[in-house]
file my_file23.cif (mmCIF, C-alpha atoms and all ligand atoms)
data_input
loop_
_atom_site.group_PDB
_atom_site.id
_atom_site.type_symbol
_atom_site.label_atom_id
_atom_site.label_comp_id
_atom_site.auth_asym_id
_atom_site.auth_seq_id
_atom_site.Cartn_x
_atom_site.Cartn_y
_atom_site.Cartn_z
ATOM 1 C CA MET A 1 0.000 0.000 0.000
ATOM 2 C CA VAL A 2 1.219 3.517 -0.742
ATOM 3 C CA GLU A 3 -0.301 6.938 -0.149
ATOM 4 C CA GLN A 4 -1.476 8.831 -3.224
ATOM 5 C CA ASN A 5 -3.258 12.195 -2.806
ATOM 6 C CA GLY A 6 -4.008 11.220 0.769
ATOM 7 C CA ARG A 7 -5.605 7.912 -0.326
ATOM 8 C CA ARG A 8 -4.198 4.455 0.250
ATOM 9 C CA VAL A 9 -3.739 2.829 -3.134
ATOM 10 C CA ALA A 10 -2.989 -0.870 -3.173
ATOM 11 C CA GLY A 11 -2.046 -1.434 -6.792
ATOM 12 C CA THR A 12 0.566 1.235 -7.195
ATOM 13 C CA SER A 13 2.756 -0.228 -4.449
ATOM 14 C CA THR A 14 4.177 -2.667 -6.992
ATOM 15 C CA GLY A 15 4.760 -0.168 -9.801
ATOM 16 C CA TYR A 16 2.948 0.908 -12.934
ATOM 17 C CA ALA A 17 1.288 -0.989 -15.745
ATOM 18 C CA ASP A 18 3.288 -1.205 -18.972
ATOM 19 C CA ILE A 19 1.405 0.937 -21.465
ATOM 20 C CA ARG A 20 2.915 -1.034 -24.387
ATOM 21 C CA LYS A 21 1.254 -4.200 -23.108
ATOM 22 C CA ASN A 22 -1.993 -2.353 -22.402
ATOM 23 C CA PRO A 23 -2.851 -0.361 -25.556
ATOM 24 C CA LEU A 24 -5.562 1.962 -24.275
ATOM 25 C CA TYR A 25 -7.733 1.591 -27.386
ATOM 26 C CA GLU A 26 -7.695 -2.195 -26.934
ATOM 27 C CA VAL A 27 -8.362 -2.194 -23.184
ATOM 28 C CA SER A 28 -11.207 0.341 -23.499
ATOM 29 C CA ARG A 29 -12.681 -1.495 -26.505
ATOM 30 C CA THR A 30 -12.657 -4.854 -24.686
ATOM 31 C CA ALA A 31 -14.104 -3.414 -21.457
ATOM 32 C CA PHE A 32 -16.750 -1.555 -23.484
ATOM 33 C CA GLY A 33 -17.632 -4.745 -25.392
ATOM 34 C CA LEU A 34 -18.020 -6.746 -22.181
ATOM 35 C CA GLY A 35 -20.160 -3.956 -20.714
ATOM 36 C CA VAL A 36 -22.394 -3.807 -23.786
ATOM 37 C CA VAL A 37 -22.959 -7.589 -23.840
ATOM 38 C CA LEU A 38 -23.588 -7.612 -20.078
ATOM 39 C CA GLY A 39 -26.019 -4.684 -20.447
ATOM 40 C CA ILE A 40 -27.961 -6.317 -23.298
ATOM 41 C CA PHE A 41 -28.369 -9.638 -21.487
ATOM 42 C CA LEU A 42 -29.176 -8.054 -18.127
ATOM 43 C CA GLY A 43 -31.461 -5.419 -19.648
ATOM 44 C CA SER A 44 -33.533 -7.998 -21.548
ATOM 45 C CA LEU A 45 -33.857 -10.376 -18.588
ATOM 46 C CA ALA A 46 -37.459 -9.448 -17.870
ATOM 47 C CA LEU A 47 -38.470 -10.090 -21.493
ATOM 48 C CA VAL A 48 -37.176 -13.655 -21.936
ATOM 49 C CA ARG A 49 -38.076 -17.128 -20.650
ATOM 50 C CA LEU A 50 -34.510 -18.433 -20.630
ATOM 51 C CA LYS A 51 -33.454 -16.167 -17.743
ATOM 52 C CA ASN A 52 -30.708 -18.466 -16.482
ATOM 53 C CA PHE A 53 -29.011 -18.321 -19.879
ATOM 54 C CA HIS A 54 -29.027 -14.512 -19.770
ATOM 55 C CA LEU A 55 -27.608 -14.550 -16.248
ATOM 56 C CA TYR A 56 -24.910 -17.012 -17.352
ATOM 57 C CA ILE A 57 -23.767 -14.502 -20.002
ATOM 58 C CA VAL A 58 -23.875 -11.721 -17.390
ATOM 59 C CA PHE A 59 -21.651 -13.718 -14.988
ATOM 60 C CA LEU A 60 -19.316 -14.661 -17.849
ATOM 61 C CA CYS A 61 -18.842 -10.962 -18.762
ATOM 62 C CA LEU A 62 -18.362 -10.047 -15.113
ATOM 63 C CA PHE A 63 -15.744 -12.787 -14.672
ATOM 64 C CA HIS A 64 -13.655 -11.587 -17.642
ATOM 65 C CA PHE A 65 -13.949 -7.946 -16.623
ATOM 66 C CA LEU A 66 -12.820 -8.747 -13.048
ATOM 67 C CA GLU A 67 -9.791 -10.717 -14.277
ATOM 68 C CA TYR A 68 -8.431 -7.567 -15.894
ATOM 69 C CA TYR A 69 -9.693 -5.095 -13.293
ATOM 70 C CA ILE A 70 -8.250 -6.906 -10.268
ATOM 71 C CA THR A 71 -4.924 -7.518 -12.017
ATOM 72 C CA ALA A 72 -4.725 -3.833 -12.993
ATOM 73 C CA ARG A 73 -5.648 -2.694 -9.490
ATOM 74 C CA TYR A 74 -3.631 -5.090 -7.325
ATOM 75 C CA ASN A 75 -0.927 -6.439 -9.617
ATOM 76 C CA PRO A 76 -0.317 -3.618 -12.121
ATOM 77 C CA THR A 77 3.160 -4.628 -13.310
ATOM 78 C CA LYS A 78 1.749 -7.898 -14.664
ATOM 79 C CA VAL A 79 -1.406 -6.548 -16.282
ATOM 80 C CA ASN A 80 -1.703 -6.772 -20.060
ATOM 81 C CA VAL A 81 -4.549 -7.121 -22.569
ATOM 82 C CA ASP A 82 -4.484 -10.913 -22.125
ATOM 83 C CA SER A 83 -5.448 -10.398 -18.455
ATOM 84 C CA PHE A 84 -9.092 -10.338 -19.592
ATOM 85 C CA LEU A 85 -8.507 -14.088 -20.153
ATOM 86 C CA LEU A 86 -10.667 -13.967 -23.265
ATOM 87 C CA ASN A 87 -7.978 -15.988 -25.058
ATOM 88 C CA ASN A 88 -8.105 -18.701 -22.438
ATOM 89 C CA GLY A 89 -7.245 -21.577 -24.770
ATOM 90 C CA VAL A 90 -9.135 -23.565 -27.373
ATOM 91 C CA GLU A 91 -10.643 -25.945 -24.792
ATOM 92 C CA TYR A 92 -12.138 -23.077 -22.788
ATOM 93 C CA ILE A 93 -13.767 -21.525 -25.853
ATOM 94 C CA ALA A 94 -14.928 -24.949 -27.109
ATOM 95 C CA CYS A 95 -16.499 -25.792 -23.723
ATOM 96 C CA HIS A 96 -18.481 -22.543 -23.553
ATOM 97 C CA THR A 97 -19.527 -22.820 -27.215
ATOM 98 C CA LEU A 98 -20.795 -26.374 -26.597
ATOM 99 C CA ALA A 99 -22.545 -25.219 -23.424
ATOM 100 C CA ILE A 100 -24.395 -22.497 -25.351
ATOM 101 C CA LEU A 101 -25.336 -24.965 -28.114
ATOM 102 C CA GLU A 102 -26.542 -27.528 -25.578
ATOM 103 C CA THR A 103 -28.698 -24.916 -23.849
ATOM 104 C CA LEU A 104 -30.305 -23.736 -27.071
ATOM 105 C CA ILE A 105 -30.856 -27.227 -28.534
ATOM 106 C CA GLU A 106 -32.390 -28.588 -25.323
ATOM 107 C CA TYR A 107 -34.512 -25.451 -25.002
ATOM 108 C CA VAL A 108 -36.041 -26.152 -28.416
ATOM 109 C CA TYR A 109 -36.882 -29.782 -27.525
ATOM 110 C CA ALA A 110 -37.603 -29.489 -23.795
ATOM 111 C CA PRO A 111 -38.389 -25.866 -22.887
ATOM 112 C CA GLY A 112 -40.012 -26.803 -19.569
ATOM 113 C CA PHE A 113 -36.896 -28.713 -18.460
ATOM 114 C CA LYS A 114 -34.589 -25.887 -19.542
ATOM 115 C CA THR A 115 -36.433 -23.179 -17.647
ATOM 116 C CA GLY A 116 -36.309 -25.360 -14.525
ATOM 117 C CA ARG A 117 -40.083 -25.307 -14.107
ATOM 118 C CA ASP A 118 -40.585 -29.033 -14.605
ATOM 119 C CA SER A 119 -39.180 -30.341 -11.358
ATOM 120 C CA ARG A 120 -38.176 -29.457 -7.847
ATOM 121 C CA VAL A 121 -34.796 -31.140 -8.351
ATOM 122 C CA ALA A 122 -34.076 -28.763 -11.251
ATOM 123 C CA SER A 123 -34.890 -25.733 -9.077
ATOM 124 C CA VAL A 124 -32.536 -26.972 -6.353
ATOM 125 C CA VAL A 125 -29.748 -27.542 -8.924
ATOM 126 C CA VAL A 126 -30.225 -24.005 -10.265
ATOM 127 C CA VAL A 127 -30.135 -22.405 -6.802
ATOM 128 C CA LEU A 128 -27.035 -24.437 -5.915
ATOM 129 C CA GLY A 129 -25.503 -23.362 -9.235
ATOM 130 C CA TYR A 130 -25.903 -19.687 -8.299
ATOM 131 C CA VAL A 131 -24.290 -20.379 -4.913
ATOM 132 C CA PHE A 132 -21.321 -21.992 -6.737
ATOM 133 C CA ILE A 133 -21.056 -19.091 -9.202
ATOM 134 C CA LEU A 134 -21.128 -16.399 -6.515
ATOM 135 C CA GLY A 135 -18.924 -18.336 -4.079
ATOM 136 C CA GLY A 136 -16.484 -19.311 -6.838
ATOM 137 C CA GLN A 137 -16.204 -15.764 -8.149
ATOM 138 C CA ALA A 138 -15.704 -14.405 -4.628
ATOM 139 C CA ALA A 139 -12.967 -16.981 -3.875
ATOM 140 C CA ARG A 140 -11.155 -16.260 -7.133
ATOM 141 C CA SER A 141 -11.305 -12.476 -6.779
ATOM 142 C CA TRP A 142 -10.308 -12.614 -3.115
ATOM 143 C CA ALA A 143 -7.340 -14.851 -3.986
ATOM 144 C CA MET A 144 -6.161 -12.433 -6.680
ATOM 145 C CA VAL A 145 -6.421 -9.471 -4.297
ATOM 146 C CA THR A 146 -4.656 -11.352 -1.458
ATOM 147 C CA ALA A 147 -1.793 -12.724 -3.551
ATOM 148 C CA SER A 148 -1.433 -9.394 -5.463
ATOM 149 C CA SER A 149 2.100 -9.322 -6.951
ATOM 150 C CA SER A 150 2.643 -13.033 -6.206
ATOM 151 C CA PHE A 151 -0.290 -13.864 -8.478
ATOM 152 C CA SER A 152 0.261 -14.333 -12.203
ATOM 153 C CA HIS A 153 -1.985 -15.714 -14.910
ATOM 154 C CA VAL A 154 1.068 -17.350 -16.451
ATOM 155 C CA LEU A 155 2.886 -19.989 -14.388
ATOM 156 C CA GLU A 156 6.146 -18.539 -12.996
ATOM 157 C CA LYS A 157 9.133 -20.799 -13.663
ATOM 158 C CA GLU A 158 11.703 -18.528 -12.024
ATOM 159 C CA ARG A 159 11.357 -16.745 -8.721
ATOM 160 C CA ARG A 160 11.040 -12.961 -8.958
ATOM 161 C CA GLU A 161 12.229 -10.686 -6.131
ATOM 162 C CA ASP A 162 8.706 -9.623 -5.137
ATOM 163 C CA HIS A 163 7.375 -13.201 -5.131
ATOM 164 C CA ILE A 164 6.530 -14.085 -1.539
ATOM 165 C CA LEU A 165 4.839 -17.230 -0.245
ATOM 166 C CA VAL A 166 1.223 -16.268 0.448
ATOM 167 C CA LYS A 167 -0.324 -18.091 3.413
ATOM 168 C CA HIS A 168 -2.706 -15.473 4.767
ATOM 169 C CA GLY A 169 -6.287 -14.448 3.970
ATOM 170 C CA ILE A 170 -8.139 -17.019 1.898
ATOM 171 C CA TYR A 171 -4.825 -18.929 1.397
ATOM 172 C CA ARG A 172 -5.099 -19.907 5.066
ATOM 173 C CA TRP A 173 -8.052 -22.204 4.237
ATOM 174 C CA LEU A 174 -7.454 -23.034 0.574
ATOM 175 C CA ARG A 175 -4.124 -23.851 -1.038
ATOM 176 C CA HIS A 176 -5.199 -22.791 -4.547
ATOM 177 C CA PRO A 177 -8.202 -20.524 -3.980
ATOM 178 C CA SER A 178 -8.259 -19.009 -7.467
ATOM 179 C CA TYR A 179 -8.338 -22.511 -9.038
ATOM 180 C CA PHE A 180 -10.881 -23.646 -6.456
ATOM 181 C CA GLY A 181 -13.006 -20.583 -7.318
ATOM 182 C CA PHE A 182 -12.720 -21.078 -11.062
ATOM 183 C CA PHE A 183 -13.536 -24.797 -10.837
ATOM 184 C CA TRP A 184 -16.746 -24.353 -8.796
ATOM 185 C CA TRP A 185 -17.741 -21.183 -10.674
ATOM 186 C CA ALA A 186 -17.540 -23.025 -14.004
ATOM 187 C CA LEU A 187 -19.523 -26.031 -12.730
ATOM 188 C CA GLY A 188 -22.058 -23.582 -11.282
ATOM 189 C CA THR A 189 -22.583 -22.050 -14.741
ATOM 190 C CA GLN A 190 -23.549 -25.462 -16.137
ATOM 191 C CA MET A 191 -25.854 -26.125 -13.184
ATOM 192 C CA VAL A 192 -27.823 -22.891 -13.691
ATOM 193 C CA LEU A 193 -28.078 -23.756 -17.403
ATOM 194 C CA LEU A 194 -29.310 -27.272 -16.477
ATOM 195 C CA ASN A 195 -26.773 -28.654 -18.968
ATOM 196 C CA PRO A 196 -26.084 -32.301 -18.019
ATOM 197 C CA VAL A 197 -23.709 -33.003 -20.916
ATOM 198 C CA SER A 198 -21.658 -29.814 -20.504
ATOM 199 C CA PHE A 199 -21.561 -30.245 -16.723
ATOM 200 C CA VAL A 200 -19.779 -33.588 -17.152
ATOM 201 C CA LEU A 201 -17.569 -32.162 -19.907
ATOM 202 C CA PHE A 202 -16.585 -29.121 -17.789
ATOM 203 C CA ALA A 203 -15.892 -31.356 -14.768
ATOM 204 C CA ILE A 204 -13.569 -33.632 -16.771
ATOM 205 C CA VAL A 205 -11.739 -30.875 -18.678
ATOM 206 C CA LEU A 206 -11.287 -28.652 -15.608
ATOM 207 C CA TRP A 207 -10.275 -31.480 -13.310
ATOM 208 C CA ARG A 208 -7.633 -32.699 -15.755
ATOM 209 C CA PHE A 209 -6.363 -29.161 -16.276
ATOM 210 C CA PHE A 210 -6.134 -28.205 -12.588
ATOM 211 C CA SER A 211 -4.742 -31.561 -11.530
ATOM 212 C CA ALA A 212 -1.806 -31.168 -13.958
ATOM 213 C CA ARG A 213 -1.444 -27.440 -13.307
ATOM 214 C CA ILE A 214 -1.309 -27.802 -9.524
ATOM 215 C CA ALA A 215 1.278 -30.605 -9.755
ATOM 216 C CA SER A 216 3.635 -28.541 -11.914
ATOM 217 C CA GLU A 217 2.941 -25.266 -10.033
ATOM 218 C CA GLU A 218 3.779 -26.936 -6.734
ATOM 219 C CA SER A 219 7.038 -28.371 -8.001
ATOM 220 C CA TYR A 220 8.147 -24.783 -8.814
ATOM 221 C CA LEU A 221 6.827 -23.468 -5.489
ATOM 222 C CA ILE A 222 8.908 -26.089 -3.652
ATOM 223 C CA GLU A 223 11.919 -24.970 -5.691
ATOM 224 C CA PHE A 224 11.204 -21.306 -4.725
ATOM 225 C CA PHE A 225 10.228 -21.708 -1.065
ATOM 226 C CA GLY A 226 11.559 -25.143 -0.027
ATOM 227 C CA ASN A 227 10.297 -26.590 3.257
ATOM 228 C CA ASP A 228 8.089 -23.553 3.904
ATOM 229 C CA TYR A 229 5.959 -24.583 0.962
ATOM 230 C CA VAL A 230 6.052 -28.296 1.860
ATOM 231 C CA ARG A 231 4.763 -27.495 5.369
ATOM 232 C CA TYR A 232 2.093 -25.202 3.923
ATOM 233 C CA ARG A 233 1.048 -27.854 1.386
ATOM 234 C CA ASN A 234 0.763 -30.500 4.100
ATOM 235 C CA GLY A 235 -1.530 -28.331 6.213
ATOM 236 C CA VAL A 236 -3.908 -26.683 3.730
ATOM 237 C CA PRO A 237 -6.355 -28.490 1.406
ATOM 238 C CA VAL A 238 -7.243 -27.683 -2.224
ATOM 239 C CA ARG A 239 -10.933 -28.634 -2.001
ATOM 240 C CA ILE A 240 -11.226 -29.724 -5.596
ATOM 241 C CA PRO A 241 -12.390 -33.380 -5.480
ATOM 242 C CA PHE A 242 -9.593 -35.988 -5.640
ATOM 243 C CA ILE A 243 -6.792 -33.404 -5.733
ATOM 244 C CA LYS A 244 -4.594 -33.831 -2.652
HETATM 245 C C1 LIG B 1 -2.729 -18.231 -11.568
HETATM 246 S S1 LIG B 1 -1.771 -17.986 -10.092
HETATM 247 C C2 LIG B 1 -2.667 -19.120 -9.054
HETATM 248 C C3 LIG B 1 -2.301 -19.053 -7.643
HETATM 249 C C4 LIG B 1 -2.877 -20.179 -6.804
HETATM 250 N N1 LIG B 1 -2.581 -21.465 -7.399
HETATM 251 C C5 LIG B 1 -4.363 -20.011 -6.615
HETATM 252 O O1 LIG B 1 -5.111 -20.832 -7.160
HETATM 253 O O2 LIG B 1 -4.785 -19.052 -5.960
HETATM 254 C C6 LIG B 1 -0.309 -18.875 -10.452
HETATM 255 C C7 LIG B 1 0.955 -18.338 -9.782
HETATM 256 O O3 LIG B 1 0.755 -18.238 -8.402
HETATM 257 C C8 LIG B 1 1.927 -18.633 -7.716
HETATM 258 N N2 LIG B 1 1.483 -19.191 -6.423
HETATM 259 C C9 LIG B 1 0.630 -20.211 -6.220
HETATM 260 N N3 LIG B 1 0.408 -20.414 -4.907
HETATM 261 C C10 LIG B 1 1.153 -19.480 -4.265
HETATM 262 C C11 LIG B 1 1.333 -19.138 -2.903
HETATM 263 N N4 LIG B 1 0.716 -19.790 -1.923
HETATM 264 N N5 LIG B 1 2.170 -18.116 -2.620
HETATM 265 C C12 LIG B 1 2.806 -17.441 -3.601
HETATM 266 N N6 LIG B 1 2.661 -17.704 -4.898
HETATM 267 C C13 LIG B 1 1.838 -18.706 -5.241
HETATM 268 C C14 LIG B 1 2.628 -19.628 -8.588
HETATM 269 O O4 LIG B 1 4.026 -19.518 -8.496
HETATM 270 C C15 LIG B 1 2.130 -19.259 -9.989
HETATM 271 O O5 LIG B 1 3.102 -18.602 -10.762
#
call {"tool": "encode", "arguments": {"input": "my_file23.cif", "output": "C-alpha cells"}}
result
Amino acid sequence: MVEQNGRRVAGTSTGYADIRKNPLYEVSRTAFGLGVVLGIFLGSLALVRLKNFHLYIVFLCLFHFLEYYITARYNPTKVNVDSFLLNNGVEYIACHTLAILETLIEYVYAPGFKTGRDSRVASVVVVLGYVFILGGQAARSWAMVTASSSFSHVLEKERREDHILVKHGIYRWLRHPSYFGFFWWALGTQMVLLNPVSFVLFAIVLWRFFSARIASEESYLIEFFGNDYVRYRNGVPVRIPFIK
C-alpha cells in the first residue's frame, strides 16, 4: 500500500502498468464490449423465458472484466490485454460454445426442463448453481487481491524478487483458492443452465487441467520456497475433489 493524494492505493505499491502491453484503445474497446454484452443480457432479462441463460452470459462478462480489473488494481506490473482471459485456450472456448449450443438445442426440444419449471430437483440444482457461481467468483477475486504481486496468470518458472509465499487471507483455508473458485464457478454455470452433458464435460476438462497445473505449479513453489511450501502444502487443502 502507498499513499497517493491522501488515499491508500494498493495497486501502485508494486509499480505501474506497462502501457505497451496495455494499448488503451484495446483495453477500453474490450471493457466496453463486455459492458455492452452484459447490459444487453441483463437489460432484456425481464423479457425472456430463458433467464438463467441470460444470467450465465452476465456472470461470464463479469468474470472476464474482473480478471483484468483486479490484475490492474492489485498487480499492475503484470497486467496486459491478455489479463481479460478472453484468449483462455481452445478448450475453454470450445467448452463454452458447446454449453451455449446444448442450452439452445435442449430449449427447443424441452423448454419446460430448460427453464427449470418441470421439477423441484431442477430448481434446487439451479439455486445451488448460483451459490457456486457467486462463491467461486468471490474466492477467485479474493485470492487475486490477497496474492497481489505473487499472483500471475502465467505460471512462474523462475522466482522474482517480489514473489513471496502467500499463506494469509483465503490462502489460510485453501491452497489454490483461485483454481478452487474457477472450478466451482464453471460447474455452477452449467448447473444454472441445467446442462447435463456440458456439466460432465466441464468437470472432466477442468479437473484434468487443474490436476496437472497444480502438480507442476507446486514443483516450482517447492523450488522457490523449499520446506516452507512443503509445510504449507501438508496443512492446507485444495478442495477440488480428488486433488490432494
Ligand atoms: C494463476 S496464479 C494461481 C495461484 C494459486 N494457485 C491459486 O489458485 O490461488 C499462479 C501463480 O501463483 C503462484 N502461487 C501459487 N500459490 C502461491 C502461494 N501460496 N504463494 C505465492 N505464490 C503462489 C505460482 O508460483 C504461480 O506462478
call {"tool": "closest_residue", "arguments": {"input": "my_file23.cif", "among": "A:Glu156, A:Leu221, A:Val197, A:Ile70", "to": "Ile105 in chain A", "atoms": "only C-alpha atoms"}}
result
A:Val197
call {"tool": "axis_aligned_box", "arguments": {"input": "my_file23.cif", "around": "range 157-175 of chain A", "padding_each_side": "3 Å", "output": "JSON"}}
result
{"center_x": 2.0, "center_y": -16.7, "center_z": -4.3, "size_x": 26.4, "size_y": 20.2, "size_z": 24.7}
call {"tool": "atom_distance", "arguments": {"input": "my_file23.cif", "atom1": "CA of Phe180 in chain A", "atom2": "CA of Arg160 in chain A"}}
result
24.5 Å
call {"tool": "closest_residue", "arguments": {"input": "my_file23.cif", "among": "A:Ile93, A:Leu60, A:Val145, A:Leu55", "to": "ligand LIG 1 (chain B)", "atoms": "all atoms listed in the file"}}
result
A:Val145
call {"tool": "resolve_selection", "arguments": {"input": "my_file23.cif", "expression": "the PyMOL selection byres (((chain A and resi 191) around 12) and not hetatm)", "output": "JSON, numbers by chain"}}
result
{"A": [52, 53, 56, 99, 103, 114, 115, 116, 121, 122, 123, 124, 125, 126, 127, 128, 129, 130, 131, 132, 133, 184, 185, 186, 187, 188, 189, 190, 192, 193, 194, 195, 196, 197, 198, 199, 200, 202, 203]}
call {"tool": "resolve_selection", "arguments": {"input": "my_file23.cif", "expression": "the PyMOL selection byres (((not hetatm)) within 8 of (chain B and resi 1))", "output": "PyMOL selection string"}}
result
chain A and resi 140+143-144+147+150-157+159+163-167+171+175-181+214+217-218+220-221+229
call {"tool": "atom_distance", "arguments": {"input": "my_file23.cif", "atom1": "CA of Val37 in chain A", "atom2": "CA of His64 in chain A"}}
result
11.9 Å
call {"tool": "atom_distance", "arguments": {"input": "my_file23.cif", "atom1": "CA of Asn87 in chain A", "atom2": "CA of Ser141 in chain A"}}
result
18.9 Å
call {"tool": "resolve_selection", "arguments": {"input": "my_file23.cif", "expression": "the PyMOL selection byres (((chain A and resi 16) around 6) and not hetatm)", "output": "list in words"}}
result
Gly15, Ala17, Pro76 and Thr77 of chain A
call {"tool": "write_last_selection", "arguments": {"input": "my_file23.cif", "atoms": "C-alpha atoms", "output": "CSV table (one decimal), in the frame of the given file"}}
result
chain,number,residue,atom,x,y,z
A,15,GLY,CA,4.8,-0.2,-9.8
A,17,ALA,CA,1.3,-1.0,-15.7
A,76,PRO,CA,-0.3,-3.6,-12.1
A,77,THR,CA,3.2,-4.6,-13.3
call {"tool": "residues_around", "arguments": {"input": "my_file23.cif", "residues": "Ser148 in chain A", "least_positions_apart": "5", "cutoff": "8 Å", "atoms": "only C-alpha atoms", "output": "list in words"}}
result
Thr71, Tyr74 and Asn75 of chain A
call {"tool": "closest_residue", "arguments": {"input": "my_file23.cif", "among": "A:Leu98, A:Val58, A:Val27, A:Leu34", "to": "Asn80 in chain A", "atoms": "only C-alpha atoms"}}
result
A:Val27
call {"tool": "closest_residue", "arguments": {"input": "my_file23.cif", "among": "A:Leu201, A:Ser219, A:Tyr92, A:Glu67", "to": "Trp142 in chain A", "atoms": "only C-alpha atoms"}}
result
A:Glu67
call {"tool": "closest_residue", "arguments": {"input": "my_file23.cif", "among": "A:Asn227, A:Ile170, A:Arg239, A:Val205", "to": "Ala94 in chain A", "atoms": "all atoms listed in the file"}}
result
A:Val205
call {"tool": "closest_residue", "arguments": {"input": "my_file23.cif", "among": "A:Val81, A:Tyr68, A:Arg208, A:Cys95", "to": "Asn22 in chain A", "atoms": "all atoms listed in the file"}}
result
A:Val81
call {"tool": "residues_near_point", "arguments": {"input": "my_file23.cif", "point": "(-26.3, -11.7, -21.4)", "cutoff": "12 Å", "atoms": "all atoms listed in the file", "output": "PyMOL selection string"}}
result
chain A and resi 33-46+48+50-62+100
call {"tool": "write_last_selection", "arguments": {"input": "my_file23.cif", "atoms": "C-alpha atoms", "output": "short mmCIF file (atom, residue, chain, number, x, y, z; two decimals), in the frame of the given file"}}
result
data_model
loop_
_atom_site.label_atom_id
_atom_site.label_comp_id
_atom_site.auth_asym_id
_atom_site.auth_seq_id
_atom_site.Cartn_x
_atom_site.Cartn_y
_atom_site.Cartn_z
CA GLY A 33 -17.63 -4.74 -25.39
CA LEU A 34 -18.02 -6.75 -22.18
CA GLY A 35 -20.16 -3.96 -20.71
CA VAL A 36 -22.39 -3.81 -23.79
CA VAL A 37 -22.96 -7.59 -23.84
CA LEU A 38 -23.59 -7.61 -20.08
CA GLY A 39 -26.02 -4.68 -20.45
CA ILE A 40 -27.96 -6.32 -23.30
CA PHE A 41 -28.37 -9.64 -21.49
CA LEU A 42 -29.18 -8.05 -18.13
CA GLY A 43 -31.46 -5.42 -19.65
CA SER A 44 -33.53 -8.00 -21.55
CA LEU A 45 -33.86 -10.38 -18.59
CA ALA A 46 -37.46 -9.45 -17.87
CA VAL A 48 -37.18 -13.66 -21.94
CA LEU A 50 -34.51 -18.43 -20.63
CA LYS A 51 -33.45 -16.17 -17.74
CA ASN A 52 -30.71 -18.47 -16.48
CA PHE A 53 -29.01 -18.32 -19.88
CA HIS A 54 -29.03 -14.51 -19.77
CA LEU A 55 -27.61 -14.55 -16.25
CA TYR A 56 -24.91 -17.01 -17.35
CA ILE A 57 -23.77 -14.50 -20.00
CA VAL A 58 -23.88 -11.72 -17.39
CA PHE A 59 -21.65 -13.72 -14.99
CA LEU A 60 -19.32 -14.66 -17.85
CA CYS A 61 -18.84 -10.96 -18.76
CA LEU A 62 -18.36 -10.05 -15.11
CA ILE A 100 -24.40 -22.50 -25.35
#
